[in-house]
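Heads up: the structure comes next, in structure tokens.
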Amino acid sequence: MTPKKRATSNPSKARTGIEGFDEITDGGLPRGRTTLLSGGPGSGKTIFALQFLVQGARDFKEPGIFVAFEETLERLTANTRGFDWDLRELERKKKLCFIDAQPMPDLVQSGTFDCSGMLASLGAQINAMGARRIVFDALDIVLELLPDLATRRREIHRLHEWLVANEITALITSKTGGDEGNSLTFMQFMVDCAVTLNHRVEFGVSQRNLRVQKFRGSSFHENESPFVIGQGGFDVAISRILGRVDAAVTNERLTSGVKRLDTMLSGGYYRGACVLITGMPGTAKTTLSGAFAEEACRRGERTMFVGFDSHGTEVIRNLSSVGIRLERFAKSGVLRMVSARTITGSAETLLVRIKSLATAHRARCLVIDPVSTLSRSGNELTAHSVAERLIDWAKAAGVTMVCTSLIDEMNGRTEEPTNLHISTLADTWIHLNYLVQAGERNRGLAIIKSRGMSHSNQVRELILSDAGVTLSDIYTAGGEVLMGTMRWERESAERTAGEVAEVASKLKHVSLDAEEAVLKVRAKSLQTELMAKKIEKSLLVRMTASRKGEVSRGRIRMRELRGADAAKRERE
């Protein structure tokens, strides 16, 4: 996990240390000037003010004073026990000073009250501890007790002049509404910065928002920003702001956990990418995200699995039925299973809780199953903004995130039925669906988009078995896509037909071999007969030639004999 980003240091601003707030104010509250923080009951004014002092004393070496007009130190300590602050320790080290300035109602209402004595005492305390920050909490309590508007304005002027003279960074909290409205309006014109907090319930879901109304001499984010109050105090949600550095990108690939899906994606997911897996219930969205988590754990990368539908132990048990073994990684601590059913509140609360848990776990990979839960009733207006910030945070932290999202089972549309619209933000979008044939439901997988990489445009059949998860090429016959039993029957029939054809071919080969052998025998016999005829012919020719030679020799001999007889007769 990358460290939490802070706003750029600005010498004219006093950083509050409140995540998000320093970004929207471009550095914090105006240094050496006064800020008014107003809001209704329970909106978080006192917590904001205390965090401003605690962070200043603890992180920025700026001691502070908290002037309480409503609560004692004991009550403040008890009320802030759930935060990671140690007010008593900071007070012991003289980094914080708490002053109980609760007025006596009878003194105020008599008209003899003014804040001169209190301010003189505060001046001495500032000099003694070198305080650079001060908070006046619930100033409206005093204003309400003053008899008339003129007296209220006099004391506001007195306080304002004292703050200007001391050049101390001041924060005044005040409730909105009620009889002090005119005084509050008057104060808003005097201060250099005004911030309002509101806490309302929409469709039964608590929603908190913060807005900077004015900030003299500085640019600021003018829209309402949601916030939540967690263990560390305020966490203000912000969207991307012009000028912020983009998250680092890499070409490193991570396996999806399914080899053939990696092939379809030309190597797998990009590290730091947001992957969306959509589909109807039962299409194996959790299975695919579990396969990714298992491979991440095998690499030794710390992974967090946030499940909204089932408890972690149930997810581990269910995934083991398809060969995905997460139990040993959960036991070793590499994998953290989080049941988000235990997290109640708005989508902002869920976002902050997920971020804090992932940061604490130092997660490199994150699974949210399903992310569409963020848009449940009461969060319709903020769901898309929460999804944007979730993805921005993950990318900035270098976390590879796989989210599943539920598609309406009745209409079966590919489009998202919720207000999240996370499909437009995701880097890779994988869609799962059903094909119903012959009384069976079979799963299909398609890659809708995958930015920055070549990817398959074909649909694959998703097959789950004890051996794991795999993909098979879609089988078509006669222009119709077949899956499951119908595919098995057609492939079986084709295999049988192929085997019959192969046997027939072999029989034909045997028959032809036999005929060839017969013909070879006949050819050899004819060759033998031909050779005999040739020999016979040769003998006949020789015998004929021999007879001719004998006749010729006989004739010659006869002539010789006849010639000898003639010669003898002549001699005689």
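Residues in the structure tokens are named by chain (A, B, ... in the order shown) and by number from 1 within that chain; ligands are numbered from 1 in the order shown.
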Distance query Arg260 (chain A) at most 12 Å, only C-alpha atoms, self and fewer than 2 positions along chain excluded, as a ChimeraX atom specification: /A:255-258,262-268,445,455-456,459-463,469-473
Using only C-alpha atoms, which residues sit within 12 Å of Gly217 (chain A) once same-chain residues fewer than 6 positions away are excluded, as a PDB file with C-alpha atoms, in the first residue's frame?
ATOM      1  CA  SER A  12      -0.518  30.716   4.122  1.00  0.00           C
ATOM      2  CA  LYS A  13      -2.575  27.673   5.165  1.00  0.00           C
ATOM      3  CA  THR A  25      -9.185  23.970   0.519  1.00  0.00           C
ATOM      4  CA  ASP A  26      -5.817  23.703  -1.264  1.00  0.00           C
ATOM      5  CA  LEU A  29      -7.542  26.715   7.003  1.00  0.00           C
ATOM      6  CA  PRO A  30      -6.242  30.311   6.619  1.00  0.00           C
ATOM      7  CA  ARG A  31      -3.179  30.666   8.848  1.00  0.00           C
ATOM      8  CA  ARG A  33      -7.017  34.125  10.582  1.00  0.00           C
ATOM      9  CA  ASP A 192     -12.102  34.824   6.466  1.00  0.00           C
ATOM     10  CA  CYS A 193     -13.355  31.262   5.963  1.00  0.00           C
TER      11      CYS A 193
END
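Taking only C-alpha atoms into account, Lys214 (chain A) lies nearest to A:Thr34 out of the set A:Ala532, A:Thr34, A:Gly300, A:Ile99.
Here CA of Glu388 (chain A) is placed at a distance of 14.4 Å from CA of Val402 (chain A).
Minimum atom-to-atom distances from A:Leu276, A:Leu159, A:Ile24, A:Val500 to Glu222 (chain A) were compared using only C-alpha atoms, and the lowest value belongs to A:Ile24.
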Every residue of region 128-325 of chain A that DSSP places in strand (DSSP E), as a PyMOL selection string: chain A and resi 133-137+169-175+193-202+205-215+225-230+233-236+253-254+269-270+274-279+303-307
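Take the candidates A:Ser385, A:Asn457, A:Ser332, A:Ser339 and check each one against Ile354 (chain A) using only C-alpha atoms; the shortest distance goes to A:Ser339.
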DSSP helix (DSSP H, G or I) selection over region 190-424 of chain A, as a count of residues only: 77
Distance of CA of Met129 (chain A) from CA of Leu90 (chain A), expressed in Å to one decimal place: 12.3 Å
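Shell of Val67 (chain A) at 10 Å, with only C-alpha atoms counted and residues fewer than 3 places along the chain excluded, is A:Gly64, A:Glu70, A:Glu71, A:Thr72, A:Leu73, A:Cys97, A:Phe98, A:Ile99, A:Asp100, A:Ala101, A:Gln102, A:Met118, A:Leu122, A:Ile134, A:Val135, A:Phe136, A:Asp137, A:Ala138, A:Leu139, A:Ile172.
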Taking C-alpha atoms for each residue, export the selection above as a short mmCIF file (atom, residue, chain, number, x, y, z; two decimals), in the first residue's frame.
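Okay, this is what ended up in again_30.cif:
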data_model
loop_
_atom_site.label_atom_id
_atom_site.label_comp_id
_atom_site.auth_asym_id
_atom_site.auth_seq_id
_atom_site.Cartn_x
_atom_site.Cartn_y
_atom_site.Cartn_z
CA GLY A 64 -3.40 24.55 20.54
CA GLU A 70 -20.61 23.71 26.36
CA GLU A 71 -18.67 20.68 27.63
CA THR A 72 -16.08 19.87 30.27
CA LEU A 73 -12.77 18.18 29.61
CA CYS A 97 -4.76 23.14 26.74
CA PHE A 98 -8.46 22.77 27.60
CA ILE A 99 -10.28 25.71 29.15
CA ASP A 100 -13.75 25.33 30.60
CA ALA A 101 -15.44 28.64 29.77
CA GLN A 102 -19.03 27.68 30.42
CA MET A 118 -11.38 35.48 29.37
CA LEU A 122 -6.13 33.26 26.95
CA ILE A 134 -7.26 27.98 19.11
CA VAL A 135 -10.82 26.68 19.04
CA PHE A 136 -13.90 28.36 20.49
CA ASP A 137 -16.40 25.55 20.67
CA ALA A 138 -20.15 26.34 20.77
CA LEU A 139 -19.80 30.12 20.87
CA ILE A 172 -15.16 29.00 15.95
#
Residues near Gly130 (chain A), cut-off 10 Å, only C-alpha atoms, skip fewer than 2 positions along chain, as a PyMOL selection string: chain A and resi 62-64+94-95+124-128+132-133
Any chance you could export the current selection's all heavy atoms as a compact mmCIF listing (two decimals), in the first residue's frame?
# COMPACT_ATOMS: atom_id res chain seq x y z
N GLU A 62 2.29 22.38 16.23
CA GLU A 62 1.60 23.63 16.51
C GLU A 62 0.67 23.41 17.71
O GLU A 62 -0.42 22.88 17.57
CB GLU A 62 0.80 24.12 15.31
CG GLU A 62 1.66 24.48 14.11
CD GLU A 62 0.86 25.10 12.97
OE1 GLU A 62 -0.36 25.35 13.18
OE2 GLU A 62 1.43 25.35 11.90
N PRO A 63 1.08 23.80 18.91
CA PRO A 63 0.23 23.63 20.10
C PRO A 63 -1.08 24.40 19.96
O PRO A 63 -1.17 25.39 19.22
CB PRO A 63 1.10 24.20 21.23
CG PRO A 63 2.50 24.17 20.71
CD PRO A 63 2.39 24.38 19.23
N GLY A 64 -2.10 23.94 20.68
CA GLY A 64 -3.40 24.55 20.54
C GLY A 64 -4.16 24.64 21.85
O GLY A 64 -3.84 23.97 22.84
N LYS A 94 1.82 19.52 27.36
CA LYS A 94 1.60 20.94 27.10
C LYS A 94 1.51 21.27 25.61
O LYS A 94 1.90 22.35 25.16
CB LYS A 94 2.68 21.80 27.78
CG LYS A 94 2.75 21.63 29.29
CD LYS A 94 3.71 22.61 29.91
CE LYS A 94 3.78 22.39 31.42
NZ LYS A 94 2.47 22.48 32.08
N LYS A 95 1.00 20.32 24.87
CA LYS A 95 0.73 20.56 23.45
C LYS A 95 -0.72 20.98 23.23
O LYS A 95 -1.05 21.57 22.21
CB LYS A 95 1.03 19.30 22.64
CG LYS A 95 2.50 18.92 22.60
CD LYS A 95 2.74 17.71 21.72
CE LYS A 95 4.22 17.36 21.64
NZ LYS A 95 4.46 16.18 20.75
N ALA A 124 -2.38 35.18 27.97
CA ALA A 124 -1.28 34.70 28.82
C ALA A 124 -0.99 33.23 28.55
O ALA A 124 0.18 32.81 28.52
CB ALA A 124 -1.66 34.92 30.29
N GLN A 125 -2.04 32.45 28.34
CA GLN A 125 -1.86 31.03 28.08
C GLN A 125 -1.18 30.80 26.73
O GLN A 125 -0.32 29.92 26.60
CB GLN A 125 -3.22 30.32 28.10
CG GLN A 125 -3.14 28.82 27.96
CD GLN A 125 -2.48 28.17 29.16
OE1 GLN A 125 -2.68 28.58 30.31
NE2 GLN A 125 -1.64 27.17 28.92
N ILE A 126 -1.53 31.60 25.75
CA ILE A 126 -0.89 31.49 24.42
C ILE A 126 0.61 31.76 24.53
O ILE A 126 1.44 31.04 23.96
CB ILE A 126 -1.56 32.48 23.43
CG1 ILE A 126 -2.97 31.99 23.08
CG2 ILE A 126 -0.73 32.61 22.16
CD1 ILE A 126 -3.77 32.99 22.27
N ASN A 127 0.96 32.79 25.25
CA ASN A 127 2.38 33.12 25.40
C ASN A 127 3.11 32.04 26.18
O ASN A 127 4.28 31.74 25.90
CB ASN A 127 2.51 34.47 26.11
CG ASN A 127 2.00 35.61 25.27
OD1 ASN A 127 2.03 35.55 24.04
ND2 ASN A 127 1.50 36.67 25.92
N ALA A 128 2.46 31.44 27.17
CA ALA A 128 3.12 30.46 28.02
C ALA A 128 3.43 29.17 27.26
O ALA A 128 4.51 28.59 27.46
CB ALA A 128 2.23 30.16 29.24
N ARG A 132 -0.36 28.06 18.63
CA ARG A 132 -0.55 28.60 17.28
C ARG A 132 -1.97 28.38 16.77
O ARG A 132 -2.35 28.91 15.74
CB ARG A 132 0.44 27.92 16.31
CG ARG A 132 1.89 28.08 16.65
CD ARG A 132 2.31 29.55 16.80
NE ARG A 132 1.95 30.31 15.63
CZ ARG A 132 1.58 31.60 15.65
NH1 ARG A 132 1.51 32.24 16.81
NH2 ARG A 132 1.27 32.22 14.53
N ARG A 133 -2.75 27.61 17.52
CA ARG A 133 -4.12 27.33 17.11
C ARG A 133 -5.04 27.48 18.32
O ARG A 133 -4.63 27.19 19.45
CB ARG A 133 -4.26 25.93 16.53
CG ARG A 133 -3.36 25.65 15.34
CD ARG A 133 -3.60 24.29 14.73
NE ARG A 133 -2.70 24.05 13.60
CZ ARG A 133 -2.91 23.14 12.66
NH1 ARG A 133 -3.98 22.35 12.72
NH2 ARG A 133 -2.07 23.00 11.65
